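Trainee: The structure follows.
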Amino acid sequence: MNDATILLRARGLTMRFGGVVALNELDLDVQRGEVLGLLGPNGSGKTTFFNVITGLYAPSAGQVRFADTDLFRASPQQVCRAGIARTFQRSRLCLPLSVFDNLMLGCHIHLDHGLLFNLLRRRRFEAELTRLQRRARELLATFSPALADRLYQPVGAISMIDRRRIEVCRALISDPRLLLLDEPSAGMTHDEADELLADVLRVRAGLGELAIVLIEHEMGLIERVTDRCVVFNYGRKICEGSYRTIAADPWVQEAYLGQG
Ligand SMILES: Nc1ncnc2c1ncn2[C@@H]1O[C@H](COP(=O)(O)OP(=O)(O)OP(=O)(O)O)[C@@H](O)[C@H]1O
């Protein structure tokens, strides 16, 4: 892989929880602008990889480089500032808050919260608020125009599928260069999952070089949307390549495709 095209580079990444080695000297690259599928059985370390990259867990050893920034043991704030955003397997929305407030949580790190700014620079504050409201509506409308009309309703009143869309929008509103999606289709029908991923790819087309790492168990979805795949087992990478390459792997055939 050409060094200039690599956005995220993990080397020897290891995460131990007591005696459990969740990531075991993992080497993994994400290229600029690619959609990378991350597969592996339950407990193979996929979510731990996301948690380590986004600063929720401090890795035991290894290196993590994102573009020109060293992100080894970086804080979640540093990771977000560097341009990485994510969604979670279980919904992390704040249900009593409005859709708009939840989206703002996704970019609060880029906002000026200074009391003086907010009190004294009213014009700039209002201009910034208007810009963010427009951006929030725009993003939501890409997924569902009806959802964009519910910008000021509490998330608790919104359907589960729309909550998933809001979570993806909350990650996208910070204009990341890398988006980590942890099983975005969980709890959805095949058609809903297809639609959600198609919407994500449509938004991505307007965002230049956004790379996506997608944890997903549904092989059809992986085949349709990924450029490349990596398969984990016991915290190690056991194969990688195009969907066709990994689908030809005997282990993947047995574990995922019911063959072998
Ligand atoms: N906070 C934690 N404390 C202790 N062990 C953990 C913690 N987080 C993950 N693990 C362990 O690390 C291993 C990898 O878990 P992880 O959640 O990353 O797997 P996964 O591939 O994402 O699985 P799934 O598909 O079920 O989400 C598992 O053995 C899990 O029990």
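For the structure tokens, the naming scheme is as follows: chains receive sequential letters (A, B, ...) according to their order of presentation, residues are indexed from 1 within each chain, and ligands are indexed from 1 in presentation order.
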With region 192-204 of chain A as the partner and 12 Å as the cut-off, tabulate the residues of region 93-140 of chain A that qualify, each row holding the nearest pair of atoms and their distance in Å to one decimal, using only C-alpha atoms, sorted by chain and rising number, as a tab-separated table.
Mentor:
```
residue	atom	partner	partner_atom	distance
A:Glu138	CA	A:Val203	CA	10.1
A:Leu139	CA	A:Val203	CA	7.8
A:Leu140	CA	A:Val203	CA	10.1
```
Trainee: Give me the residues of region 45-89 of chain A that have any atom at most 9 Å from an atom of region 152-174 of chain A; for each, the nearest atom pair and the distance in Å, rounded to one decimal. Use only C-alpha atoms, sort by chain and number, and format it as a tab-separated table.
Mentor:
```
residue	atom	partner	partner_atom	distance
A:Cys80	CA	A:Ser174	CA	8.1
A:Arg81	CA	A:Ser174	CA	8.8
A:Gly83	CA	A:Ser174	CA	7.7
A:Ile84	CA	A:Ala171	CA	8.7
A:Ala85	CA	A:Ala171	CA	5.2
A:Arg86	CA	A:Ala171	CA	5.6
A:Thr87	CA	A:Glu167	CA	6.3
A:Phe88	CA	A:Glu167	CA	8.3
```
Trainee: A:Leu207, A:Leu179, A:Leu56, A:Leu28: which is nearest Ala82 (chain A), counting only C-alpha atoms?
Mentor: A:Leu179
Trainee: Please extract the residues at most 10 Å from ligand 1, counting only C-alpha atoms and all ligand atoms, and provide them as a VMD selection string, using the chain letters and residue numbers of this document.
Mentor: chain A and resid 15 to 23 38 to 52 56 to 57 89 182 to 183 215 to 217 231 to 235
Trainee: Pick out each residue of region 36-141 of chain A that DSSP on the backbone tags as alpha helix (DSSP H); I need them as a PyMOL selection string.
Mentor: chain A and resi 46-53+76-82+99-105+115-120+122-141
Trainee: With C-alpha atoms retained, export the selected residues as a PDB file, in the first residue's frame.
Mentor:
```pdb
ATOM      1  CA  LYS A  46     -13.709  -5.122  16.355  1.00  0.00           C
ATOM      2  CA  THR A  47     -15.349  -2.708  18.799  1.00  0.00           C
ATOM      3  CA  THR A  48     -12.201  -2.666  20.927  1.00  0.00           C
ATOM      4  CA  PHE A  49     -10.333  -1.492  17.824  1.00  0.00           C
ATOM      5  CA  PHE A  50     -12.778   1.429  17.508  1.00  0.00           C
ATOM      6  CA  ASN A  51     -12.556   2.155  21.246  1.00  0.00           C
ATOM      7  CA  VAL A  52      -8.759   2.229  21.138  1.00  0.00           C
ATOM      8  CA  ILE A  53      -8.613   4.410  18.017  1.00  0.00           C
ATOM      9  CA  PRO A  76     -11.304  11.366  22.622  1.00  0.00           C
ATOM     10  CA  GLN A  77     -11.146  15.179  22.233  1.00  0.00           C
ATOM     11  CA  GLN A  78      -7.801  14.992  20.395  1.00  0.00           C
ATOM     12  CA  VAL A  79      -9.144  12.190  18.205  1.00  0.00           C
ATOM     13  CA  CYS A  80     -12.231  14.232  17.299  1.00  0.00           C
ATOM     14  CA  ARG A  81     -10.136  17.335  16.568  1.00  0.00           C
ATOM     15  CA  ALA A  82      -7.869  15.251  14.324  1.00  0.00           C
ATOM     16  CA  VAL A  99     -32.525  16.261  17.409  1.00  0.00           C
ATOM     17  CA  PHE A 100     -30.608  19.525  16.910  1.00  0.00           C
ATOM     18  CA  ASP A 101     -29.064  19.445  20.411  1.00  0.00           C
ATOM     19  CA  ASN A 102     -27.974  15.851  19.863  1.00  0.00           C
ATOM     20  CA  LEU A 103     -26.329  16.823  16.587  1.00  0.00           C
ATOM     21  CA  MET A 104     -24.534  19.689  18.311  1.00  0.00           C
ATOM     22  CA  LEU A 105     -22.952  17.191  20.704  1.00  0.00           C
ATOM     23  CA  LEU A 115     -19.015  32.991  27.912  1.00  0.00           C
ATOM     24  CA  LEU A 116     -17.614  36.282  26.620  1.00  0.00           C
ATOM     25  CA  PHE A 117     -17.946  35.169  22.993  1.00  0.00           C
ATOM     26  CA  ASN A 118     -21.531  34.045  23.519  1.00  0.00           C
ATOM     27  CA  LEU A 119     -22.552  37.179  25.463  1.00  0.00           C
ATOM     28  CA  LEU A 120     -20.666  39.899  23.623  1.00  0.00           C
ATOM     29  CA  ARG A 122     -24.005  38.159  19.503  1.00  0.00           C
ATOM     30  CA  ARG A 123     -23.892  38.640  15.735  1.00  0.00           C
ATOM     31  CA  ARG A 124     -21.177  36.052  15.226  1.00  0.00           C
ATOM     32  CA  PHE A 125     -22.887  33.710  17.671  1.00  0.00           C
ATOM     33  CA  GLU A 126     -26.189  34.017  15.784  1.00  0.00           C
ATOM     34  CA  ALA A 127     -24.480  33.599  12.404  1.00  0.00           C
ATOM     35  CA  GLU A 128     -22.774  30.441  13.673  1.00  0.00           C
ATOM     36  CA  LEU A 129     -26.055  29.119  15.063  1.00  0.00           C
ATOM     37  CA  THR A 130     -27.826  29.761  11.738  1.00  0.00           C
ATOM     38  CA  ARG A 131     -25.011  28.018   9.833  1.00  0.00           C
ATOM     39  CA  LEU A 132     -25.210  24.961  12.095  1.00  0.00           C
ATOM     40  CA  GLN A 133     -29.012  24.812  11.886  1.00  0.00           C
ATOM     41  CA  ARG A 134     -28.745  24.888   8.088  1.00  0.00           C
ATOM     42  CA  ARG A 135     -26.043  22.197   8.087  1.00  0.00           C
ATOM     43  CA  ALA A 136     -28.057  20.008  10.494  1.00  0.00           C
ATOM     44  CA  ARG A 137     -31.171  20.273   8.308  1.00  0.00           C
ATOM     45  CA  GLU A 138     -29.162  19.573   5.157  1.00  0.00           C
ATOM     46  CA  LEU A 139     -27.544  16.466   6.609  1.00  0.00           C
ATOM     47  CA  LEU A 140     -30.811  15.095   8.026  1.00  0.00           C
ATOM     48  CA  ALA A 141     -32.641  15.812   4.750  1.00  0.00           C
TER      49      ALA A 141
END
```
Trainee: Any idea what the distance is between CA of Arg92 (chain A) and CA of Pro184 (chain A)?
Mentor: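 Computing the Euclidean distance for CA of Arg92 (chain A) and CA of Pro184 (chain A) yields 12.4 Å.
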Trainee: Check the DSSP output for the backbone and give back, as a PyMOL selection string, the residues of region 8-250 of chain A in strand (DSSP E).
Mentor: chain A and resi 8-17+20-31+35-39+61-66+69-70+84-86+178-182+211-215+228-233+236-241
